[in-house]
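Trainee: Pasting structure18.pdb below, which is PDB, C-alpha atoms.
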```
MODEL        1
ATOM      1  CA  MET A   1      -0.967  -2.757  10.465
ATOM      2  CA  THR A   2       0.166  -6.177  11.741
ATOM      3  CA  ALA A   3       1.028  -8.516   8.898
ATOM      4  CA  ILE A   4      -0.742 -11.850   8.498
ATOM      5  CA  PRO A   5       1.930 -14.435   9.363
ATOM      6  CA  ALA A   6       3.079 -16.496   6.415
ATOM      7  CA  GLY A   7       1.209 -19.756   6.099
ATOM      8  CA  ARG A   8      -1.781 -18.614   8.143
ATOM      9  CA  VAL A   9      -5.246 -17.803   6.878
ATOM     10  CA  THR A  10      -8.409 -16.959   8.745
ATOM     11  CA  ALA A  11     -10.628 -19.832   9.874
ATOM     12  CA  ARG A  12     -13.720 -20.496   7.778
ATOM     13  CA  LEU A  13     -16.927 -19.579   9.585
ATOM     14  CA  PRO A  14     -19.688 -22.188   9.911
ATOM     15  CA  GLY A  15     -21.745 -22.206   6.729
ATOM     16  CA  GLN A  16     -19.262 -19.993   4.882
ATOM     17  CA  THR A  17     -18.569 -21.077   1.295
ATOM     18  CA  ALA A  18     -15.030 -21.551   0.047
ATOM     19  CA  GLU A  19     -15.431 -18.512  -2.219
ATOM     20  CA  ALA A  20     -16.674 -16.301   0.627
ATOM     21  CA  HIS A  21     -13.739 -17.481   2.723
ATOM     22  CA  VAL A  22     -11.307 -16.414  -0.017
ATOM     23  CA  LEU A  23     -12.934 -12.976  -0.167
ATOM     24  CA  SER A  24     -12.671 -12.633   3.630
ATOM     25  CA  ASP A  25      -8.966 -13.383   3.426
ATOM     26  CA  LEU A  26      -8.586 -10.788   0.677
ATOM     27  CA  VAL A  27     -10.200  -8.155   2.914
ATOM     28  CA  ASN A  28      -7.859  -9.084   5.773
ATOM     29  CA  LEU A  29      -4.843  -9.071   3.472
ATOM     30  CA  LEU A  30      -5.554  -5.529   2.270
ATOM     31  CA  ALA A  31      -6.355  -4.289   5.779
ATOM     32  CA  ASN A  32      -2.894  -5.413   6.864
ATOM     33  CA  GLY A  33      -1.134  -3.546   4.089
ATOM     34  CA  HIS A  34      -0.471  -6.443   1.712
ATOM     35  CA  SER A  35      -1.374  -7.053  -1.930
ATOM     36  CA  GLY A  36      -2.848 -10.011  -3.749
ATOM     37  CA  VAL A  37      -4.342 -11.273  -6.990
ATOM     38  CA  LEU A  38      -7.844 -12.740  -7.018
ATOM     39  CA  ALA A  39      -8.253 -15.442  -9.684
ATOM     40  CA  THR A  40     -11.846 -16.344 -10.569
ATOM     41  CA  VAL A  41     -13.114 -18.971 -13.019
ATOM     42  CA  ILE A  42     -15.593 -16.918 -15.049
ATOM     43  CA  SER A  43     -16.590 -19.422 -17.734
ATOM     44  CA  THR A  44     -16.161 -23.109 -18.513
ATOM     45  CA  ASP A  45     -16.938 -25.515 -21.334
ATOM     46  CA  ARG A  46     -17.252 -29.295 -21.059
ATOM     47  CA  SER A  47     -15.260 -31.106 -18.360
ATOM     48  CA  VAL A  48     -13.162 -28.890 -16.035
ATOM     49  CA  PRO A  49     -11.894 -29.346 -12.456
ATOM     50  CA  ARG A  50     -13.840 -26.436 -10.901
ATOM     51  CA  HIS A  51     -17.078 -24.643 -11.723
ATOM     52  CA  ALA A  52     -17.493 -20.994 -12.748
ATOM     53  CA  GLY A  53     -17.261 -18.750  -9.690
ATOM     54  CA  SER A  54     -14.443 -20.753  -8.052
ATOM     55  CA  LYS A  55     -11.800 -18.452  -6.592
ATOM     56  CA  MET A  56      -8.174 -18.505  -5.546
ATOM     57  CA  LEU A  57      -6.198 -15.703  -3.853
ATOM     58  CA  ILE A  58      -2.470 -15.450  -4.540
ATOM     59  CA  THR A  59      -0.851 -13.241  -1.874
ATOM     60  CA  ASP A  60       2.143 -10.970  -2.423
ATOM     61  CA  ASP A  61       4.340 -13.465  -0.556
ATOM     62  CA  GLY A  62       3.285 -16.303  -2.875
ATOM     63  CA  ARG A  63       0.704 -18.139  -0.757
ATOM     64  CA  ARG A  64      -2.391 -19.619  -2.392
ATOM     65  CA  ILE A  65      -5.752 -19.478  -0.622
ATOM     66  CA  GLY A  66      -8.633 -21.404  -2.165
ATOM     67  CA  SER A  67      -8.463 -23.351  -5.414
ATOM     68  CA  ILE A  68      -9.469 -23.063  -9.037
ATOM     69  CA  GLY A  69      -8.769 -26.709  -9.769
ATOM     70  CA  GLY A  70      -5.226 -27.554  -8.705
ATOM     71  CA  GLY A  71      -2.623 -29.109 -10.938
ATOM     72  CA  GLU A  72      -0.736 -27.453 -13.744
ATOM     73  CA  MET A  73      -3.453 -24.926 -14.607
ATOM     74  CA  GLU A  74      -3.482 -23.561 -11.071
ATOM     75  CA  ALA A  75       0.324 -23.413 -11.041
ATOM     76  CA  ARG A  76       0.320 -21.397 -14.268
ATOM     77  CA  VAL A  77      -2.233 -18.963 -12.868
ATOM     78  CA  ALA A  78      -0.160 -18.481  -9.714
ATOM     79  CA  ALA A  79       2.931 -17.852 -11.839
ATOM     80  CA  GLU A  80       1.117 -14.965 -13.563
ATOM     81  CA  ALA A  81       0.373 -13.207 -10.262
ATOM     82  CA  ASP A  82       3.602 -11.198  -9.927
ATOM     83  CA  ALA A  83       3.282  -9.686 -13.392
ATOM     84  CA  CYS A  84      -0.398  -8.942 -12.783
ATOM     85  CA  LEU A  85       0.449  -7.048  -9.577
ATOM     86  CA  ALA A  86       3.334  -5.203 -11.215
ATOM     87  CA  GLU A  87       1.098  -3.977 -14.051
ATOM     88  CA  GLY A  88      -1.817  -3.274 -11.732
ATOM     89  CA  THR A  89      -4.353  -4.258 -14.398
ATOM     90  CA  PRO A  90      -6.708  -7.263 -14.684
ATOM     91  CA  ARG A  91      -6.056  -9.955 -17.262
ATOM     92  CA  LEU A  92      -7.937 -12.903 -18.782
ATOM     93  CA  LEU A  93      -6.353 -16.335 -19.104
ATOM     94  CA  ASP A  94      -7.832 -18.940 -21.444
ATOM     95  CA  TYR A  95      -6.875 -22.603 -20.980
ATOM     96  CA  GLN A  96      -7.668 -25.656 -23.057
ATOM     97  CA  LEU A  97      -7.483 -28.844 -20.966
ATOM     98  CA  VAL A  98      -7.104 -31.414 -23.711
ATOM     99  CA  ASP A  99      -3.552 -32.352 -24.693
ATOM    100  CA  PRO A 100      -0.552 -31.774 -22.361
ATOM    101  CA  GLY A 101       1.676 -32.853 -25.227
ATOM    102  CA  ASP A 102       0.475 -29.748 -27.049
ATOM    103  CA  GLY A 103       1.167 -27.520 -24.045
ATOM    104  CA  ASP A 104      -2.259 -27.759 -22.380
ATOM    105  CA  PRO A 105      -2.262 -27.741 -18.561
ATOM    106  CA  GLY A 106      -4.531 -30.795 -18.234
ATOM    107  CA  VAL A 107      -6.494 -33.621 -19.835
ATOM    108  CA  CYS A 108     -10.004 -32.984 -18.494
ATOM    109  CA  GLY A 109     -11.264 -32.283 -21.989
ATOM    110  CA  GLY A 110     -12.740 -28.866 -21.359
ATOM    111  CA  ARG A 111     -11.895 -25.197 -21.406
ATOM    112  CA  ALA A 112     -11.704 -22.583 -18.627
ATOM    113  CA  THR A 113     -11.415 -18.790 -18.689
ATOM    114  CA  ILE A 114      -9.952 -17.174 -15.601
ATOM    115  CA  LEU A 115     -10.084 -13.514 -14.597
ATOM    116  CA  MET A 116      -7.101 -12.254 -12.613
ATOM    117  CA  GLU A 117      -7.706  -9.075 -10.598
ATOM    118  CA  PRO A 118      -4.866  -7.289  -8.755
ATOM    119  CA  HIS A 119      -5.794  -5.811  -5.378
ATOM    120  CA  MET A 120      -3.506  -3.424  -3.522
ATOM    121  CA  PRO A 121      -4.042  -1.715  -0.163
ATOM    122  CA  PRO A 122      -4.587   2.040  -0.029
ATOM    123  CA  SER A 123      -1.443   4.135  -0.085
ATOM    124  CA  MET A 124       0.100   4.900   3.279
ATOM    125  CA  ILE A 125       0.741   8.368   4.674
ATOM    126  CA  LEU A 126       3.379   8.692   7.386
ATOM    127  CA  VAL A 127       2.722  11.856   9.397
ATOM    128  CA  ILE A 128       5.808  12.957  11.309
ATOM    129  CA  GLY A 129       4.947  15.464  14.027
ATOM    130  CA  TYR A 130       1.585  15.352  15.750
ATOM    131  CA  GLY A 131       0.864  18.965  16.537
ATOM    132  CA  HIS A 132      -2.224  20.797  15.308
ATOM    133  CA  ILE A 133      -1.339  20.376  11.637
ATOM    134  CA  GLY A 134      -0.238  16.762  12.017
ATOM    135  CA  ARG A 135      -3.546  15.878  13.656
ATOM    136  CA  ALA A 136      -5.524  17.704  10.946
ATOM    137  CA  VAL A 137      -3.589  15.903   8.175
ATOM    138  CA  THR A 138      -4.123  12.556   9.914
ATOM    139  CA  ASP A 139      -7.874  13.128  10.233
ATOM    140  CA  LEU A 140      -8.301  14.201   6.606
ATOM    141  CA  ALA A 141      -6.049  11.461   5.197
ATOM    142  CA  HIS A 142      -8.017   8.829   7.109
ATOM    143  CA  TRP A 143     -11.313  10.301   5.866
ATOM    144  CA  LEU A 144      -9.973  10.118   2.293
ATOM    145  CA  GLY A 145      -9.272   6.406   2.708
ATOM    146  CA  TYR A 146      -5.499   6.359   3.150
ATOM    147  CA  ARG A 147      -3.758   4.182   5.712
ATOM    148  CA  VAL A 148      -2.192   6.580   8.215
ATOM    149  CA  VAL A 149       0.790   6.183  10.525
ATOM    150  CA  ALA A 150       1.350   9.045  12.976
ATOM    151  CA  THR A 151       4.537   9.515  14.956
ATOM    152  CA  ASP A 152       5.906  12.064  17.435
ATOM    153  CA  ASP A 153       8.846  11.978  19.819
ATOM    154  CA  ARG A 154       6.940  13.695  22.642
ATOM    155  CA  PRO A 155       5.381  11.353  25.242
ATOM    156  CA  GLY A 156       1.674  12.048  25.686
ATOM    157  CA  THR A 157       1.213  13.724  22.319
ATOM    158  CA  LEU A 158      -0.572  10.714  20.849
ATOM    159  CA  ASP A 159      -2.469   9.678  23.968
ATOM    160  CA  ASP A 160      -5.800  11.091  22.793
ATOM    161  CA  PRO A 161      -7.912   9.113  20.300
ATOM    162  CA  THR A 162      -6.547   9.521  16.789
ATOM    163  CA  ALA A 163      -7.653   8.554  13.294
ATOM    164  CA  ALA A 164      -4.260   6.940  12.617
ATOM    165  CA  ASP A 165      -4.115   3.208  11.914
ATOM    166  CA  LEU A 166      -0.818   3.048  13.789
ATOM    167  CA  VAL A 167       0.782   5.450  16.268
ATOM    168  CA  VAL A 168       4.460   5.392  17.206
ATOM    169  CA  VAL A 169       5.801   7.467  20.081
ATOM    170  CA  GLY A 170       9.544   7.910  19.744
ATOM    171  CA  PRO A 171      12.168   8.799  17.158
ATOM    172  CA  VAL A 172      11.262   8.678  13.486
ATOM    173  CA  SER A 173      13.545   5.680  13.007
ATOM    174  CA  GLU A 174      11.218   3.572  15.178
ATOM    175  CA  ALA A 175       8.237   4.395  12.983
ATOM    176  CA  VAL A 176      10.161   3.632   9.782
ATOM    177  CA  GLU A 177      11.222   0.264  11.205
ATOM    178  CA  GLN A 178       7.583  -0.692  11.791
ATOM    179  CA  VAL A 179       6.264   0.023   8.291
ATOM    180  CA  ASP A 180       7.270  -0.884   4.757
ATOM    181  CA  LEU A 181       7.317   2.392   2.823
ATOM    182  CA  THR A 182       6.842   1.860  -0.911
ATOM    183  CA  PRO A 183       6.813   4.164  -3.963
ATOM    184  CA  ARG A 184       3.015   4.357  -3.550
ATOM    185  CA  ASP A 185       3.337   5.934  -0.097
ATOM    186  CA  HIS A 186       3.883   9.466   1.204
ATOM    187  CA  ALA A 187       5.691  11.133   4.105
ATOM    188  CA  VAL A 188       4.377  14.386   5.578
ATOM    189  CA  VAL A 189       6.976  16.101   7.778
ATOM    190  CA  VAL A 190       5.297  18.675  10.018
ATOM    191  CA  THR A 191       7.670  18.868  12.983
ATOM    192  CA  ARG A 192       8.362  21.716  15.381
ATOM    193  CA  ASN A 193      11.976  22.547  14.386
ATOM    194  CA  THR A 194      14.733  22.061  11.827
ATOM    195  CA  ASP A 195      16.601  19.549  13.985
ATOM    196  CA  LEU A 196      13.662  17.173  13.723
ATOM    197  CA  ASP A 197      13.261  17.952  10.021
ATOM    198  CA  VAL A 198      16.852  16.906   9.373
ATOM    199  CA  GLU A 199      16.554  13.769  11.520
ATOM    200  CA  SER A 200      13.344  12.792   9.736
ATOM    201  CA  LEU A 201      14.646  13.418   6.237
ATOM    202  CA  VAL A 202      17.900  11.537   6.752
ATOM    203  CA  CYS A 203      15.819   8.544   7.833
ATOM    204  CA  LEU A 204      13.194   8.854   5.077
ATOM    205  CA  LEU A 205      15.773   9.113   2.312
ATOM    206  CA  THR A 206      16.918   5.568   3.131
ATOM    207  CA  THR A 207      13.434   4.260   2.215
ATOM    208  CA  ASN A 208      11.523   3.840  -1.041
ATOM    209  CA  VAL A 209       8.732   6.242  -0.020
ATOM    210  CA  GLY A 210       7.235   7.850  -3.112
ATOM    211  CA  SER A 211       6.964  11.447  -1.923
ATOM    212  CA  ILE A 212       8.417  13.475   0.933
ATOM    213  CA  GLY A 213       6.921  16.843   1.834
ATOM    214  CA  VAL A 214       8.187  19.239   4.499
ATOM    215  CA  MET A 215       6.206  22.064   6.093
ATOM    216  CA  GLY A 216       7.894  25.379   6.697
ATOM    217  CA  SER A 217       9.018  28.707   5.301
ATOM    218  CA  ALA A 218      11.620  29.194   2.581
ATOM    219  CA  ARG A 219      14.107  30.332   5.231
ATOM    220  CA  ARG A 220      13.527  27.222   7.316
ATOM    221  CA  TRP A 221      14.025  25.005   4.257
ATOM    222  CA  GLU A 222      17.270  26.828   3.423
ATOM    223  CA  THR A 223      18.604  25.895   6.863
ATOM    224  CA  THR A 224      17.445  22.280   6.555
ATOM    225  CA  HIS A 225      18.792  22.025   3.005
ATOM    226  CA  GLN A 226      22.219  23.306   4.040
ATOM    227  CA  ARG A 227      22.463  20.889   6.962
ATOM    228  CA  LEU A 228      21.518  17.966   4.744
ATOM    229  CA  ARG A 229      24.215  19.018   2.290
ATOM    230  CA  GLU A 230      26.752  19.082   5.112
ATOM    231  CA  LEU A 231      25.711  15.538   6.023
ATOM    232  CA  GLY A 232      26.489  14.378   2.489
ATOM    233  CA  THR A 233      22.978  14.183   1.069
ATOM    234  CA  THR A 234      23.149  13.982  -2.723
ATOM    235  CA  SER A 235      21.379  16.278  -5.170
ATOM    236  CA  ASP A 236      19.252  13.363  -6.352
ATOM    237  CA  ASP A 237      18.038  12.692  -2.821
ATOM    238  CA  LEU A 238      17.382  16.383  -2.190
ATOM    239  CA  GLY A 239      15.292  16.343  -5.357
ATOM    240  CA  ARG A 240      12.951  13.817  -3.722
ATOM    241  CA  ILE A 241      11.885  16.432  -1.155
ATOM    242  CA  THR A 242       9.150  19.028  -1.644
ATOM    243  CA  SER A 243       9.155  22.101   0.587
ATOM    244  CA  PRO A 244       6.927  23.804   1.374
ATOM    245  CA  ILE A 245       4.461  20.934   1.207
ATOM    246  CA  GLY A 246       0.940  21.534  -0.077
ATOM    247  CA  LEU A 247      -0.761  23.417  -2.887
ATOM    248  CA  ASP A 248      -0.806  27.208  -2.652
ATOM    249  CA  LEU A 249      -4.394  27.748  -1.534
ATOM    250  CA  GLY A 250      -3.727  30.655   0.801
ATOM    251  CA  ALA A 251      -4.389  28.262   3.700
ATOM    252  CA  GLU A 252      -3.954  29.572   7.241
ATOM    253  CA  ASN A 253      -5.510  27.334   9.902
ATOM    254  CA  PRO A 254      -4.536  23.663  10.447
ATOM    255  CA  GLU A 255      -7.588  22.300   8.661
ATOM    256  CA  GLU A 256      -6.984  24.466   5.583
ATOM    257  CA  ILE A 257      -3.317  23.501   5.539
ATOM    258  CA  ALA A 258      -4.343  19.831   5.737
ATOM    259  CA  VAL A 259      -6.563  20.355   2.680
ATOM    260  CA  SER A 260      -3.640  21.858   0.748
ATOM    261  CA  VAL A 261      -1.345  18.979   1.758
ATOM    262  CA  MET A 262      -3.817  16.246   0.897
ATOM    263  CA  ALA A 263      -4.843  17.960  -2.366
ATOM    264  CA  GLN A 264      -1.201  17.789  -3.465
ATOM    265  CA  ILE A 265      -0.940  14.122  -2.505
ATOM    266  CA  VAL A 266      -4.197  13.179  -4.246
ATOM    267  CA  ALA A 267      -3.089  15.049  -7.386
ATOM    268  CA  ARG A 268       0.192  13.121  -7.383
ATOM    269  CA  ASP A 269      -1.583   9.783  -6.922
ATOM    270  CA  ARG A 270      -4.035  10.506  -9.742
ATOM    271  CA  SER A 271      -1.291  11.594 -12.141
ATOM    272  CA  THR A 272       0.701   8.456 -11.336
ATOM    273  CA  ALA A 273      -2.348   6.229 -11.853
ATOM    274  CA  ASN A 274      -2.995   7.762 -15.267
TER     275      ASN A 274
ENDMDL
END
```
Will you turn the file into structure tokens for me?
Mentor:
Amino acid sequence: MTAIPAGRVTARLPGQTAEAHVLSDLVNLLANGHSGVLATVISTDRSVPRHAGSKMLITDDGRRIGSIGGGEMEARVAAEADACLAEGTPRLLDYQLVDPGDGDPGVCGGRATILMEPHMPPSMILVIGYGHIGRAVTDLAHWLGYRVVATDDRPGTLDDPTAADLVVVGPVSEAVEQVDLTPRDHAVVVTRNTDLDVESLVCLLTTNVGSIGVMGSARRWETTHQRLRELGTTSDDLGRITSPIGLDLGAENPEEIAVSVMAQIVARDRSTAN
């Protein structure tokens, strides 16, 4: 979960091609929770600065790794990266390199077609409360390919090996400070009492997390809901919370409950993607 520092890329291994090096950096970028656009020259005609197969990675903080030829053409490709990431769909760019006076990005005399592919890391699931259900949700979420952050305020709770990518022992606020929750991410609140539910929700509602689900009975949610109201939580913010979390599968044990929770999250992700 540690971010790649700005301006740093991984060292190229002996014998590694420039293109393979770019792909290695893409893997590292995604593993650290960042996004990027991979630009690849897929076809050329006549004289061009780089051959087909040349690659450049544009990271979500604007760095360029590798090259597809430099100059104005490369600058134009990099400028397209933000829109490509925002749309989340590939795009083809066609450049004539003949007459800058006519708007071309070069004078090489050829033509290049470039494929831009957006790559985003898996969604993150923040599991708050690492009891039996929290552990089961963490295990299943990891198995499904999500990045998982697990947190609990009880010392020793997270000492055993866990499938989480990051564990934070302490108040929820410490976990939220260590991750960047986006609209693609999810929070699963499975704590041991309403006090912790309220503390967690007040903190989560200050973030951009896409979904917030709370475990518990209708009576428990009534108590939590009332306390949030007393703290000044708006109706819009309360509408961001789902309780009880999970699809109604008649689940009883922690593993079954984890299936119901993750089924709801997967359904939300698929509906959003479509």
Trainee: Compile the contact shell of A:Gly69 as a PDB file with C-alpha atoms, in the frame of the given file: residues with an atom at most 10 Å away, counting all atoms listed in the file, same-chain residues fewer than 6 positions apart removed.
Mentor:
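Saved result, result.pdb, follows:
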```pdb
ATOM      1  CA  VAL A  41     -13.114 -18.971 -13.019  1.00  0.00           C
ATOM      2  CA  VAL A  48     -13.162 -28.890 -16.035  1.00  0.00           C
ATOM      3  CA  PRO A  49     -11.894 -29.346 -12.456  1.00  0.00           C
ATOM      4  CA  ARG A  50     -13.840 -26.436 -10.901  1.00  0.00           C
ATOM      5  CA  HIS A  51     -17.078 -24.643 -11.723  1.00  0.00           C
ATOM      6  CA  SER A  54     -14.443 -20.753  -8.052  1.00  0.00           C
ATOM      7  CA  LYS A  55     -11.800 -18.452  -6.592  1.00  0.00           C
ATOM      8  CA  MET A  56      -8.174 -18.505  -5.546  1.00  0.00           C
ATOM      9  CA  ALA A  75       0.324 -23.413 -11.041  1.00  0.00           C
TER      10      ALA A  75
END
```
Trainee: Please expand the PyMOL selection byres ((chain A and resi 26) around 10) into the concrete residues it hits in this file, giving the result as an NGL selection string.
Mentor: :A and (9 or 20-25 or 27-32 or 34-38 or 56-59 or 65 or 119-120)
Trainee: Taking the file above as input, evaluate the PyMOL selection byres ((chain A and resi 149) around 10) and report the hits as an NGL selection string.
Mentor: :A and (1 or 124-128 or 138 or 142 or 146-148 or 150-151 or 163-168 or 175-176 or 178-179 or 187)
Trainee: So how far away is atom CA of A:Asn253 from atom CA of A:Leu204, in Å?
Mentor: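 Result for atom CA of A:Leu204 versus atom CA of A:Asn253: 26.7 Å, one decimal.
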Trainee: Work out how far atom CA of A:Glu252 is from atom CA of A:Thr162, in Å to one decimal.
Mentor: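 Calculated distance between atom CA of A:Thr162 and atom CA of A:Glu252 is 22.4 Å.
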Trainee: Run the PyMOL selection byres ((chain A and resi 260) around 7) against the file shown and list the residues it catches, as an MDAnalysis selection string.
Mentor: chainID A and resid 246:249 256:259 261:264
Trainee: Take the residues just selected and output them with C-alpha atoms as an mmCIF file, in the frame of the given file.
Mentor:
```
data_model
loop_
_atom_site.group_PDB
_atom_site.id
_atom_site.type_symbol
_atom_site.label_atom_id
_atom_site.label_comp_id
_atom_site.auth_asym_id
_atom_site.auth_seq_id
_atom_site.Cartn_x
_atom_site.Cartn_y
_atom_site.Cartn_z
ATOM 1 C CA GLY A 246 0.940 21.534 -0.077
ATOM 2 C CA LEU A 247 -0.761 23.417 -2.887
ATOM 3 C CA ASP A 248 -0.806 27.208 -2.652
ATOM 4 C CA LEU A 249 -4.394 27.748 -1.534
ATOM 5 C CA GLU A 256 -6.984 24.466 5.583
ATOM 6 C CA ILE A 257 -3.317 23.501 5.539
ATOM 7 C CA ALA A 258 -4.343 19.831 5.737
ATOM 8 C CA VAL A 259 -6.563 20.355 2.680
ATOM 9 C CA VAL A 261 -1.345 18.979 1.758
ATOM 10 C CA MET A 262 -3.817 16.246 0.897
ATOM 11 C CA ALA A 263 -4.843 17.960 -2.366
ATOM 12 C CA GLN A 264 -1.201 17.789 -3.465
#
```
Trainee: Smallest atom-to-atom distance to A:Gln96: which of A:Asp185, A:Asp197, A:Glu174, A:Glu72, using all atoms listed in the file?
Mentor: A:Glu72
Trainee: Distance atom CA of A:Gly156-atom CA of A:Thr242, one decimal place?
Mentor: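 Computing it gives 29.2 Å between the two atoms.
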Trainee: Using only C-alpha atoms, pick whichever of A:Pro244, A:Gly129, A:Pro254, A:Pro155 has the shortest atom-to-atom distance to A:Ser200.
Mentor: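 So, comparing all the options, the nearest one is A:Gly129.
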Trainee: A:Gly70, A:Gly145, A:Gly250, A:Pro121: which is nearest A:Leu85, counting all atoms listed in the file?
Mentor: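 Closest candidate: A:Pro121.
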Trainee: Generate the coordinates of N, CA and C atoms for stretch 183-198 of chain A; report them as an mmCIF file, in the coordinates of the input.
Mentor:
```
data_model
loop_
_atom_site.group_PDB
_atom_site.id
_atom_site.type_symbol
_atom_site.label_atom_id
_atom_site.label_comp_id
_atom_site.auth_asym_id
_atom_site.auth_seq_id
_atom_site.Cartn_x
_atom_site.Cartn_y
_atom_site.Cartn_z
ATOM 1 N N PRO A 183 6.988 3.008 -3.077
ATOM 2 C CA PRO A 183 6.813 4.164 -3.963
ATOM 3 C C PRO A 183 5.378 4.666 -4.054
ATOM 4 N N ARG A 184 4.407 3.915 -3.556
ATOM 5 C CA ARG A 184 3.015 4.357 -3.550
ATOM 6 C C ARG A 184 2.682 5.198 -2.328
ATOM 7 N N ASP A 185 3.613 5.301 -1.382
ATOM 8 C CA ASP A 185 3.337 5.934 -0.097
ATOM 9 C C ASP A 185 3.910 7.352 -0.014
ATOM 10 N N HIS A 186 3.519 8.053 1.051
ATOM 11 C CA HIS A 186 3.883 9.466 1.204
ATOM 12 C C HIS A 186 4.327 9.747 2.644
ATOM 13 N N ALA A 187 5.280 10.661 2.783
ATOM 14 C CA ALA A 187 5.691 11.133 4.105
ATOM 15 C C ALA A 187 5.381 12.616 4.212
ATOM 16 N N VAL A 188 4.729 12.993 5.315
ATOM 17 C CA VAL A 188 4.377 14.386 5.578
ATOM 18 C C VAL A 188 5.129 14.810 6.837
ATOM 19 N N VAL A 189 6.116 15.683 6.666
ATOM 20 C CA VAL A 189 6.976 16.101 7.778
ATOM 21 C C VAL A 189 6.486 17.458 8.275
ATOM 22 N N VAL A 190 5.852 17.442 9.430
ATOM 23 C CA VAL A 190 5.297 18.675 10.018
ATOM 24 C C VAL A 190 5.768 18.766 11.467
ATOM 25 N N THR A 191 7.084 18.862 11.648
ATOM 26 C CA THR A 191 7.670 18.868 12.983
ATOM 27 C C THR A 191 7.783 20.297 13.507
ATOM 28 N N ARG A 192 8.315 20.413 14.713
ATOM 29 C CA ARG A 192 8.362 21.716 15.381
ATOM 30 C C ARG A 192 9.678 22.463 15.182
ATOM 31 N N ASN A 193 10.716 21.828 14.600
ATOM 32 C CA ASN A 193 11.976 22.547 14.386
ATOM 33 C C ASN A 193 12.824 21.867 13.318
ATOM 34 N N THR A 194 13.885 22.573 12.901
ATOM 35 C CA THR A 194 14.733 22.061 11.827
ATOM 36 C C THR A 194 15.540 20.834 12.255
ATOM 37 N N ASP A 195 15.878 20.738 13.527
ATOM 38 C CA ASP A 195 16.601 19.549 13.985
ATOM 39 C C ASP A 195 15.810 18.287 13.684
ATOM 40 N N LEU A 196 14.511 18.327 13.980
ATOM 41 C CA LEU A 196 13.662 17.173 13.723
ATOM 42 C C LEU A 196 13.436 16.972 12.222
ATOM 43 N N ASP A 197 13.378 18.077 11.479
ATOM 44 C CA ASP A 197 13.261 17.952 10.021
ATOM 45 C C ASP A 197 14.448 17.174 9.464
ATOM 46 N N VAL A 198 15.644 17.565 9.876
ATOM 47 C CA VAL A 198 16.852 16.906 9.373
ATOM 48 C C VAL A 198 16.867 15.438 9.773
#
```
